[in-house]
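Visitor: So that you have it, the file is target.cif, and it contains mmCIF, C-alpha atoms and all ligand atoms:
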```
data_coords
loop_
_atom_site.label_atom_id
_atom_site.label_comp_id
_atom_site.auth_asym_id
_atom_site.auth_seq_id
_atom_site.Cartn_x
_atom_site.Cartn_y
_atom_site.Cartn_z
CA MET O 1 53.65 64.37 1.82
CA LYS O 2 51.67 64.87 4.99
CA ASN O 3 50.43 61.30 4.72
CA ASP O 4 53.95 59.92 4.39
CA GLN O 5 54.91 61.65 7.60
CA LYS O 6 51.89 60.24 9.40
CA ILE O 7 52.74 56.73 8.28
CA SER O 8 56.34 57.00 9.43
CA ARG O 9 55.23 58.31 12.84
CA ARG O 10 52.80 55.45 13.24
CA SER O 11 55.42 52.87 12.30
CA LEU O 12 57.72 54.40 14.90
CA LEU O 13 55.05 53.91 17.58
CA GLY O 14 54.78 50.34 16.42
CA GLY O 15 58.37 49.78 17.51
CA ALA O 16 60.13 50.15 14.18
CA MET O 17 63.70 51.45 14.32
CA ALA O 18 63.97 55.18 13.78
CA VAL O 19 66.27 55.84 10.88
CA ALA O 20 67.58 59.30 10.04
CA VAL O 21 66.08 59.18 6.59
CA VAL O 22 65.78 62.57 4.99
CA GLN O 23 62.36 63.00 3.50
CA THR O 24 61.52 65.68 1.07
CA SER O 25 58.68 67.99 1.90
CA PHE O 26 56.99 70.00 -0.78
CA ALA O 27 55.11 72.15 1.68
CA SER O 28 55.14 75.77 0.52
CA GLY O 29 56.19 74.70 -2.94
CA VAL O 30 59.90 74.44 -2.18
CA GLN O 31 61.85 71.25 -1.77
CA ILE O 32 63.03 71.04 1.84
CA GLY O 33 64.99 68.19 3.40
CA VAL O 34 63.22 66.91 6.51
CA PRO O 35 64.72 64.25 8.80
CA ASP O 36 62.44 61.29 9.44
CA ASP O 37 62.93 61.86 13.18
CA PRO O 38 64.52 65.20 14.20
CA THR O 39 65.24 63.79 17.69
CA LYS O 40 67.65 61.25 16.22
CA GLN O 41 69.81 63.63 14.23
CA MET O 42 72.05 66.55 15.15
CA GLY O 43 70.43 69.80 14.07
CA VAL O 44 71.89 72.82 12.34
CA PRO O 45 74.43 74.81 14.47
CA PRO O 46 73.83 78.46 15.42
CA GLY O 47 74.43 81.06 12.74
CA LYS O 48 75.40 84.73 12.54
CA VAL O 49 71.87 85.75 11.67
CA GLY O 50 68.64 83.84 12.11
CA THR O 51 66.49 82.74 9.23
CA ARG O 52 62.80 82.29 8.74
CA SER O 53 61.63 78.67 8.48
CA ALA O 54 61.88 77.51 4.90
CA PHE O 55 58.28 76.33 5.27
CA GLU O 56 57.06 79.90 5.77
CA LYS O 57 56.64 81.64 2.45
CA LEU O 58 55.95 85.18 3.63
CA ALA O 59 56.43 87.74 0.91
CA LYS O 60 55.72 91.32 0.03
CA ALA O 61 53.88 91.93 -3.22
CA PRO O 62 56.16 94.20 -5.25
CA SER O 63 55.40 96.42 -8.23
CA ASP O 64 57.83 98.91 -9.79
CA ILE O 65 56.99 101.59 -7.24
CA SER O 66 55.84 99.82 -4.08
CA SER O 67 55.62 96.52 -2.27
CA ARG O 68 52.80 95.58 0.03
CA SER O 69 52.92 93.95 3.48
CA PRO O 70 51.22 90.53 3.82
CA LEU O 71 48.80 91.68 6.55
CA GLN O 72 46.97 88.35 6.45
CA ASP O 73 50.10 86.56 7.70
CA PHE O 74 50.84 88.81 10.69
CA LYS O 75 50.34 87.29 14.13
CA GLY O 76 50.88 90.37 16.26
CA MET O 77 51.29 94.12 16.18
CA ILE O 78 54.87 94.39 14.85
CA THR O 79 55.68 94.00 11.16
CA PRO O 80 58.84 91.92 10.66
CA SER O 81 61.30 94.44 9.21
CA ASP O 82 61.84 92.56 5.97
CA LEU O 83 58.07 92.62 5.39
CA HIS O 84 57.60 96.36 5.95
CA PHE O 85 55.83 97.87 2.94
CA GLU O 86 57.91 99.99 0.57
CA ARG O 87 57.03 103.02 -1.48
CA HIS O 88 59.79 104.73 -3.42
CA HIS O 89 59.29 107.49 -5.95
CA ASN O 90 62.67 106.85 -7.55
CA GLY O 91 64.19 103.73 -6.03
CA VAL O 92 66.27 103.04 -2.91
CA PRO O 93 69.49 105.09 -2.80
CA THR O 94 72.71 103.80 -1.27
CA ILE O 95 73.93 106.28 1.34
CA ASP O 96 77.22 106.00 3.21
CA PRO O 97 76.51 106.49 6.94
CA VAL O 98 79.99 107.93 7.46
CA THR O 99 79.58 110.80 4.99
CA TYR O 100 75.85 111.22 5.66
CA SER O 101 74.72 114.56 7.06
CA LEU O 102 71.51 116.34 8.00
CA THR O 103 71.46 120.12 7.55
CA ILE O 104 68.99 122.25 9.52
CA HIS O 105 68.77 125.89 8.44
CA GLY O 106 66.38 128.72 7.57
CA PHE O 107 64.54 130.45 10.40
CA VAL O 108 66.96 129.24 13.08
CA ASP O 109 69.59 130.95 15.26
CA ARG O 110 72.33 128.37 14.63
CA PRO O 111 72.21 126.64 11.22
CA THR O 112 73.83 123.24 11.81
CA VAL O 113 75.08 120.22 9.89
CA PHE O 114 74.67 117.00 11.91
CA SER O 115 76.55 113.78 11.21
CA LEU O 116 74.90 110.45 12.02
CA ALA O 117 77.18 110.18 15.05
CA ASP O 118 76.03 113.66 16.17
CA LEU O 119 72.39 112.58 15.94
CA LYS O 120 73.07 109.46 18.00
CA ARG O 121 74.64 111.49 20.82
CA PHE O 122 71.33 113.20 21.62
CA PRO O 123 68.86 111.65 24.09
CA SER O 124 66.97 108.97 22.15
CA VAL O 125 63.38 107.88 22.08
CA SER O 126 61.61 104.70 20.90
CA ARG O 127 58.03 104.43 19.84
CA ILE O 128 55.83 101.75 18.28
CA ALA O 129 53.66 103.29 15.57
CA PHE O 130 52.20 102.44 12.19
CA LEU O 131 53.12 103.98 8.87
CA GLU O 132 50.54 104.07 6.08
CA CYS O 133 50.60 105.40 2.55
CA SER O 134 47.62 107.69 1.93
CA GLY O 135 47.11 105.85 -1.38
CA ASN O 136 46.47 102.61 0.51
CA PHE O 137 43.32 101.27 -1.10
CA ARG O 138 42.64 98.86 -3.93
CA THR O 139 39.34 97.26 -4.84
CA GLY O 140 37.48 95.65 -7.71
CA LYS O 141 38.02 91.89 -7.42
CA GLU O 142 36.71 89.09 -5.23
CA THR O 143 40.11 87.40 -5.28
CA MET O 144 41.88 90.07 -3.25
CA THR O 145 43.76 89.53 0.01
CA PRO O 146 44.19 92.11 2.80
CA GLN O 147 47.67 92.64 1.31
CA ASP O 148 46.13 93.51 -2.06
CA ILE O 149 43.49 95.79 -0.56
CA CYS O 150 45.55 97.75 1.96
CA GLY O 151 49.06 96.30 2.29
CA LEU O 152 50.66 99.76 2.20
CA THR O 153 50.72 99.89 6.01
CA SER O 154 53.17 98.38 8.48
CA GLN O 155 54.25 98.87 12.06
CA SER O 156 57.68 99.10 13.64
CA GLU O 157 59.36 100.27 16.79
CA TRP O 158 61.15 103.42 15.63
CA THR O 159 64.14 104.82 17.53
CA GLY O 160 65.87 108.14 17.05
CA VAL O 161 66.06 111.67 18.37
CA ARG O 162 63.02 113.87 18.83
CA LEU O 163 62.92 116.63 16.24
CA SER O 164 62.00 119.00 19.09
CA THR O 165 65.42 118.24 20.63
CA LEU O 166 67.12 119.34 17.41
CA PHE O 167 64.81 122.36 17.13
CA ARG O 168 66.09 123.51 20.54
CA GLU O 169 69.67 122.77 19.54
CA VAL O 170 69.49 124.99 16.44
CA GLY O 171 67.24 127.60 18.06
CA VAL O 172 64.13 127.54 15.88
CA ARG O 173 62.75 131.08 15.74
CA GLU O 174 59.27 131.92 16.87
CA LYS O 175 58.13 133.10 13.44
CA ALA O 176 58.94 129.67 11.93
CA SER O 177 55.58 128.02 11.23
CA TRP O 178 56.51 125.42 8.58
CA PHE O 179 59.52 123.31 7.76
CA LEU O 180 60.60 121.61 4.56
CA ALA O 181 61.91 118.04 4.77
CA GLU O 182 64.08 116.92 1.87
CA GLY O 183 65.21 113.40 1.01
CA GLY O 184 68.55 112.49 -0.55
CA ASP O 185 67.11 110.02 -3.09
CA ALA O 186 66.79 110.44 -6.85
CA ALA O 187 63.24 111.73 -6.30
CA LEU O 188 64.52 114.53 -4.04
CA MET O 189 61.27 114.11 -2.13
CA THR O 190 60.24 117.29 -0.37
CA ARG O 191 57.28 117.98 1.90
CA SER O 192 56.18 121.03 3.88
CA ILE O 193 55.27 120.21 7.47
CA PRO O 194 53.73 122.51 10.09
CA VAL O 195 56.33 123.25 12.76
CA ARG O 196 53.93 122.21 15.53
CA LYS O 197 54.27 118.57 14.37
CA GLY O 198 58.03 118.92 14.84
CA TRP O 199 57.55 120.19 18.40
CA ASP O 200 54.87 117.58 19.07
CA ASP O 201 56.00 114.03 18.22
CA ALA O 202 58.21 113.97 15.09
CA ILE O 203 61.19 111.60 15.30
CA ILE O 204 64.43 111.75 13.34
CA ALA O 205 64.65 107.96 13.21
CA TYR O 206 67.83 105.92 12.71
CA ALA O 207 66.62 102.56 13.99
CA GLN O 208 63.73 100.20 13.32
CA ASN O 209 62.84 97.18 15.44
CA GLY O 210 66.12 97.38 17.33
CA GLU O 211 68.59 97.70 14.45
CA ALA O 212 69.58 100.35 11.95
CA ILE O 213 66.72 101.39 9.67
CA ARG O 214 66.64 99.27 6.55
CA PRO O 215 67.70 100.89 3.26
CA GLU O 216 64.11 100.56 1.99
CA GLN O 217 62.85 102.45 5.05
CA GLY O 218 65.31 105.34 4.72
CA TYR O 219 68.80 104.27 5.87
CA PRO O 220 70.54 105.89 7.57
CA VAL O 221 67.90 108.42 8.72
CA ARG O 222 64.26 109.18 8.02
CA LEU O 223 61.73 111.61 9.33
CA PHE O 224 58.94 109.75 11.11
CA LEU O 225 55.65 111.56 11.70
CA PRO O 226 53.36 109.34 13.81
CA GLY O 227 49.82 109.09 12.43
CA TRP O 228 50.46 111.23 9.35
CA GLU O 229 50.23 110.14 5.73
CA GLY O 230 53.30 108.06 4.85
CA ASN O 231 54.52 110.50 2.23
CA THR O 232 55.38 113.09 4.90
CA SER O 233 57.77 110.67 6.63
CA VAL O 234 60.59 111.64 4.29
CA LYS O 235 63.21 108.90 3.92
CA TRP O 236 66.96 109.38 3.45
CA LEU O 237 66.43 112.75 5.12
CA ARG O 238 69.23 115.21 4.34
CA ARG O 239 67.84 118.70 4.90
CA ILE O 240 65.30 120.55 7.04
CA GLU O 241 64.58 124.19 6.29
CA LEU O 242 62.48 126.33 8.63
CA GLY O 243 60.21 128.97 7.10
CA ASP O 244 56.92 130.79 7.55
CA ALA O 245 54.84 129.28 4.72
CA PRO O 246 54.49 125.94 2.95
CA TRP O 247 56.65 125.44 -0.16
CA HIS O 248 53.90 123.93 -2.36
CA THR O 249 56.24 121.25 -3.66
CA ARG O 250 55.44 118.74 -6.40
CA GLU O 251 54.33 116.25 -3.75
CA GLU O 252 51.80 118.77 -2.40
CA THR O 253 50.32 119.96 -5.67
CA SER O 254 50.39 117.31 -8.40
CA LYS O 255 49.97 114.60 -5.75
CA TYR O 256 48.77 114.06 -2.20
CA THR O 257 45.80 116.38 -2.58
CA GLU O 258 42.33 114.99 -3.03
CA ALA O 259 39.02 116.04 -4.45
CA ILE O 260 36.28 116.75 -1.96
CA LYS O 261 32.84 117.94 -2.96
CA ASP O 262 31.80 120.63 -5.45
CA GLY O 263 35.01 120.73 -7.44
CA LYS O 264 37.07 121.58 -4.36
CA VAL O 265 40.41 119.95 -3.64
CA ARG O 266 41.96 119.63 -0.22
CA GLN O 267 45.70 119.97 0.35
CA PHE O 268 47.76 119.08 3.42
CA SER O 269 45.40 116.37 4.62
CA PHE O 270 47.96 114.95 7.00
CA ASP O 271 46.02 112.72 9.40
CA ILE O 272 45.47 109.08 8.56
CA ASP O 273 41.81 108.30 9.23
CA ALA O 274 40.91 105.35 11.44
CA ARG O 275 40.69 102.02 9.68
CA SER O 276 40.31 98.35 10.45
CA ILE O 277 40.52 95.21 8.36
CA ILE O 278 39.82 91.58 9.13
CA THR O 279 42.97 89.60 8.34
CA PHE O 280 41.46 86.16 9.05
CA PRO O 281 39.37 84.62 7.62
CA THR O 282 39.96 86.38 4.31
CA TYR O 283 40.64 85.35 0.72
CA PRO O 284 42.10 82.78 -0.01
CA ALA O 285 41.18 81.06 3.30
CA GLN O 286 38.81 78.11 3.28
CA ILE O 287 36.99 77.68 6.61
CA GLU O 288 35.05 74.88 8.28
CA ARG O 289 31.85 75.31 10.23
CA GLY O 290 32.21 75.68 13.98
CA TRP O 291 34.25 78.14 16.03
CA ILE O 292 36.30 80.65 14.06
CA GLU O 293 38.52 83.29 15.63
CA ILE O 294 38.02 86.37 13.49
CA ARG O 295 41.23 88.40 13.70
CA GLY O 296 42.34 91.73 12.36
CA LEU O 297 44.15 95.02 12.72
CA ALA O 298 42.77 98.46 13.55
CA TRP O 299 44.52 101.82 13.78
CA SER O 300 44.02 105.57 13.75
CA GLY O 301 46.32 108.47 12.93
CA ARG O 302 44.48 110.60 15.49
CA GLY O 303 45.05 108.55 18.62
CA LYS O 304 44.19 105.23 20.16
CA VAL O 305 41.70 102.69 18.92
CA LEU O 306 38.70 102.96 21.23
CA ARG O 307 36.56 100.13 19.92
CA VAL O 308 36.37 97.63 17.08
CA GLU O 309 33.05 96.07 16.15
CA VAL O 310 32.60 92.97 14.05
CA SER O 311 29.49 91.97 12.11
CA THR O 312 28.97 88.40 10.96
CA ASP O 313 25.53 89.04 9.43
CA ALA O 314 26.28 91.52 6.66
CA GLY O 315 26.08 94.56 8.91
CA LYS O 316 22.69 93.88 10.52
CA THR O 317 24.17 93.49 14.01
CA TRP O 318 27.58 94.35 15.43
CA GLN O 319 29.52 92.86 18.36
CA VAL O 320 32.40 94.50 20.21
CA ALA O 321 35.68 92.68 19.51
CA ASP O 322 38.45 92.05 22.06
CA LEU O 323 41.46 94.36 21.78
CA GLN O 324 44.91 93.01 22.48
CA ASP O 325 46.96 95.06 24.94
CA PRO O 326 48.85 97.28 24.55
CA VAL O 327 46.50 99.60 22.70
CA LEU O 328 48.97 102.31 21.70
CA ASP O 329 48.54 105.81 20.35
CA LYS O 330 48.67 105.86 16.50
CA ALA O 331 49.45 102.15 16.36
CA HIS O 332 48.18 98.99 14.72
CA THR O 333 46.04 97.23 17.31
CA VAL O 334 45.15 93.55 17.12
CA PHE O 335 41.47 92.65 17.54
CA ARG O 336 39.78 89.28 17.88
CA HIS O 337 36.21 87.99 17.90
CA LEU O 338 34.97 84.42 18.37
CA TRP O 339 32.31 83.41 15.90
CA ARG O 340 30.41 80.17 15.47
CA TRP O 341 29.84 79.70 11.75
CA ASN O 342 26.76 77.59 10.99
CA GLY O 343 27.60 77.01 7.34
CA ASN O 344 25.30 79.68 5.93
CA GLU O 345 26.46 82.15 3.33
CA THR O 346 27.16 85.52 4.96
CA LEU O 347 29.27 88.67 4.96
CA ILE O 348 31.73 89.47 7.76
CA MET O 349 33.18 92.91 8.35
CA SER O 350 34.81 95.15 10.95
CA ARG O 351 34.66 98.84 11.81
CA VAL O 352 36.78 100.87 14.20
CA THR O 353 36.01 103.90 16.33
CA ASP O 354 38.99 105.91 17.57
CA GLU O 355 39.33 107.94 20.74
CA THR O 356 38.19 111.11 18.96
CA GLY O 357 34.82 109.38 18.40
CA TYR O 358 35.36 109.01 14.64
CA THR O 359 33.95 105.79 13.17
CA GLN O 360 35.31 104.14 10.01
CA PRO O 361 32.89 104.84 7.14
CA THR O 362 31.47 102.47 4.56
CA PHE O 363 32.57 102.96 0.95
CA ARG O 364 29.13 104.36 0.25
CA GLN O 365 29.47 106.95 3.01
CA LEU O 366 32.85 107.97 1.57
CA VAL O 367 31.30 108.48 -1.87
CA GLU O 368 28.44 110.47 -0.32
CA ALA O 369 30.84 112.68 1.63
CA ARG O 370 33.42 113.31 -1.08
CA GLY O 371 31.63 112.78 -4.36
CA PRO O 372 32.21 110.16 -7.04
CA ASP O 373 35.50 111.73 -8.23
CA MET O 374 37.16 111.38 -4.85
CA GLY O 375 40.40 110.02 -6.27
CA GLY O 376 42.67 107.50 -4.61
CA TYR O 377 43.94 109.14 -1.42
CA HIS O 378 42.70 108.73 2.15
CA LEU O 379 40.19 105.95 1.46
CA ASN O 380 39.53 103.84 4.54
CA PRO O 381 36.22 102.04 3.94
CA VAL O 382 34.80 99.14 5.92
CA THR O 383 35.97 95.99 4.12
CA ALA O 384 33.56 93.07 3.82
CA TRP O 385 34.33 89.41 3.19
CA GLN O 386 31.88 86.91 1.69
CA VAL O 387 31.76 83.50 3.32
CA LYS O 388 30.38 80.93 0.86
CA PRO O 389 28.47 77.79 1.97
CA ASP O 390 31.50 75.64 1.04
CA GLY O 391 33.70 77.74 3.34
CA GLN O 392 35.41 79.73 0.63
CA VAL O 393 36.14 83.32 1.67
CA LEU O 394 36.15 86.07 -0.95
CA ASN O 395 36.53 89.82 -0.85
CA GLN O 396 33.41 91.81 -1.48
CA PRO O 397 34.56 94.51 -3.91
CA GLU O 398 33.65 97.94 -2.59
CA GLN O 399 31.76 99.17 -5.62
CA LEU O 400 29.24 96.38 -4.98
CA ASN O 401 28.94 97.69 -1.42
CA ALA O 402 28.29 101.14 -2.76
CA THR O 403 25.34 100.08 -4.89
CA ARG O 404 23.70 97.93 -2.25
N1 LIG I 1 62.90 110.48 0.16
C1 LIG I 1 61.75 109.82 0.03
N2 LIG I 1 60.93 109.71 1.10
C2 LIG I 1 59.76 109.03 1.00
C3 LIG I 1 59.35 108.46 -0.24
C4 LIG I 1 60.23 108.58 -1.35
O1 LIG I 1 60.00 108.09 -2.45
N3 LIG I 1 61.43 109.27 -1.17
N4 LIG I 1 58.13 107.85 -0.33
C5 LIG I 1 57.13 108.31 0.63
C6 LIG I 1 55.90 107.57 0.61
S1 LIG I 1 54.77 107.94 -0.60
C7 LIG I 1 55.57 106.69 1.64
S2 LIG I 1 54.06 105.99 1.71
C8 LIG I 1 56.56 106.32 2.66
C9 LIG I 1 56.84 104.83 2.59
O2 LIG I 1 57.77 104.46 3.56
P1 LIG I 1 58.36 102.98 3.55
O3 LIG I 1 58.88 102.69 2.17
O4 LIG I 1 59.38 102.94 4.62
O5 LIG I 1 57.21 102.04 3.87
O6 LIG I 1 57.78 107.00 2.52
C10 LIG I 1 57.68 108.33 2.06
N5 LIG I 1 58.98 108.95 2.10
MO MO I 2 52.76 107.04 -0.02
#
```
Kindly transcribe the structure held in the file into structure tokens.
Ligand SMILES: Nc1nc2c(c(=O)[nH]1)N[C@H]1C(S)=C(S)[C@@H](COP(=O)(O)O)O[C@H]1N2
Ligand SMILES: [Mo]

Guide:
Amino acid sequence: MKNDQKISRRSLLGGAMAVAVVQTSFASGVQIGVPDDPTKQMGVPPGKVGTRSAFEKLAKAPSDISSRSPLQDFKGMITPSDLHFERHHNGVPTIDPVTYSLTIHGFVDRPTVFSLADLKRFPSVSRIAFLECSGNFRTGKETMTPQDICGLTSQSEWTGVRLSTLFREVGVREKASWFLAEGGDAALMTRSIPVRKGWDDAIIAYAQNGEAIRPEQGYPVRLFLPGWEGNTSVKWLRRIELGDAPWHTREETSKYTEAIKDGKVRQFSFDIDARSIITFPTYPAQIERGWIEIRGLAWSGRGKVLRVEVSTDAGKTWQVADLQDPVLDKAHTVFRHLWRWNGNETLIMSRVTDETGYTQPTFRQLVEARGPDMGGYHLNPVTAWQVKPDGQVLNQPEQLNATR
């Protein structure tokens, strides 16, 4: 169809009359009516809500329990809300915002039930930060996209009331050292959180990217814990109980604990370790020799991204990539690196160092540190992409990395 359009443009230059013929474009696999000359035909009037161009076929990759963000399609630091990853342990509940309430009780002076309207009366705060599931790693195939490998991370601007504001309101007692956050979904998700996180930067969030939080993200209210494993950001939040010890809930015992060395298992591993991934060029991109802008995302649950390095020679040498401002605390950060590809087969990869000085490990280093039975949580290895002489880009599965 591209050729047809070229021909009609050329004939227009040649002086032919422009007719408002509607062509059919099969770009992106859907049939879309396209006027021969959009300047000669009235366009579509404004609507109540905007729509994405029908030519753009952005999509999450859903399974029964999660759906993954198409990282390779993102052009900036914010995830469009309808492309935010989802992870539900028992589906998305429907909660009426009018009857919704959040109860805070336990080791407090004034146990209180807050309506949504009550929560919105408190001073509000907005913050751009990523969310990532601690189970965010898949490997094993060359034909994997960034979405397949680590699409369980997204970034939004979250708005709500600081949990510390509510802590003051209810009078959290000094002996309170942990709180339990409980969701109102069919999974009744519960997590124990150290109280210091509540005083520090926890948000009781009711908005996402300027509008009410989406049902999939916890409508009407979720807990949002910047930089911590996604599971602790309890959605559809209905209860917070203050206490002096963790509750050892299902989510802290059967799950969200991981093997470290010598038969030991660690629990309450809250921080998301720094990670980066190239998002272009990656599978299924096909590149041509010459200048290529290597692009990607980097983030850390422990602070700001300090540096991203890119290697275009299979890890022999590394160059410092450009970081796009703003580089925010606990936030996806866009990096870029110009590379002149000479047509030779190679491996390209990125690694991030965060402001604590921590550098993203290779898969092999992860195996060495945690042992071969390290399970599926908190895996953040350097991801490598093979560039073939014909320009085809393929993932390099991590277990190949490990045996190199
Ligand atoms: N109530 C409740 N909260 C929840 C979950 C859930 O199933 N129920 N899933 C958790 C997990 S495992 C993750 S990774 C994040 C996912 O948040 P998202 O779906 O908004 O991306 O929410 C967490 N909060
Ligand atoms: Mo998760």

Visitor: Residues at most 6 Å from range 337-345 of chain O, counting only C-alpha atoms, excluding those fewer than 2 positions away in the same chain, as an mmCIF file with C-alpha atoms, keeping the file's coordinate frame?

Guide:
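Saved file out33.cif follows:
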```cif
data_model
loop_
_atom_site.group_PDB
_atom_site.id
_atom_site.type_symbol
_atom_site.label_atom_id
_atom_site.label_comp_id
_atom_site.auth_asym_id
_atom_site.auth_seq_id
_atom_site.Cartn_x
_atom_site.Cartn_y
_atom_site.Cartn_z
ATOM 1 C CA ARG O 289 31.850 75.310 10.230
ATOM 2 C CA GLY O 290 32.210 75.680 13.980
ATOM 3 C CA TRP O 291 34.250 78.140 16.030
ATOM 4 C CA ILE O 292 36.300 80.650 14.060
ATOM 5 C CA GLU O 293 38.520 83.290 15.630
ATOM 6 C CA ILE O 294 38.020 86.370 13.490
ATOM 7 C CA ALA O 321 35.680 92.680 19.510
ATOM 8 C CA VAL O 387 31.760 83.500 3.320
ATOM 9 C CA LYS O 388 30.380 80.930 0.860
ATOM 10 C CA PRO O 389 28.470 77.790 1.970
#
```

Visitor: Just to confirm, what's the straight-line distance from CA of Thr139 in chain O to CA of Leu379 in chain O in Å (one decimal)?

Guide: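 Separating CA of Thr139 in chain O from CA of Leu379 in chain O is a distance of 10.8 Å.
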
Visitor: Please determine, counting only C-alpha atoms, which residue among O:Val308, O:Ala285, O:Leu163, O:Leu58 has the shortest atom-to-atom distance to Leu119 in chain O.

Guide: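 Distance minimum relative to Leu119 in chain O lands on O:Leu163.
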
Visitor: Counting all atoms listed in the file, what residues are within 8 Å of ligand LIG 1 (chain I), given as a ChimeraX atom specification?

Guide: /O:66,84-91,131-135,152-154,182-190,216-218,222,229-237

Visitor: What lies within 10 Å of Glu211 in chain O using all atoms listed in the file, ignoring chain neighbours under 2 positions off, as a ChimeraX atom specification?

Guide: /O:81,157-159,206-209,213-214
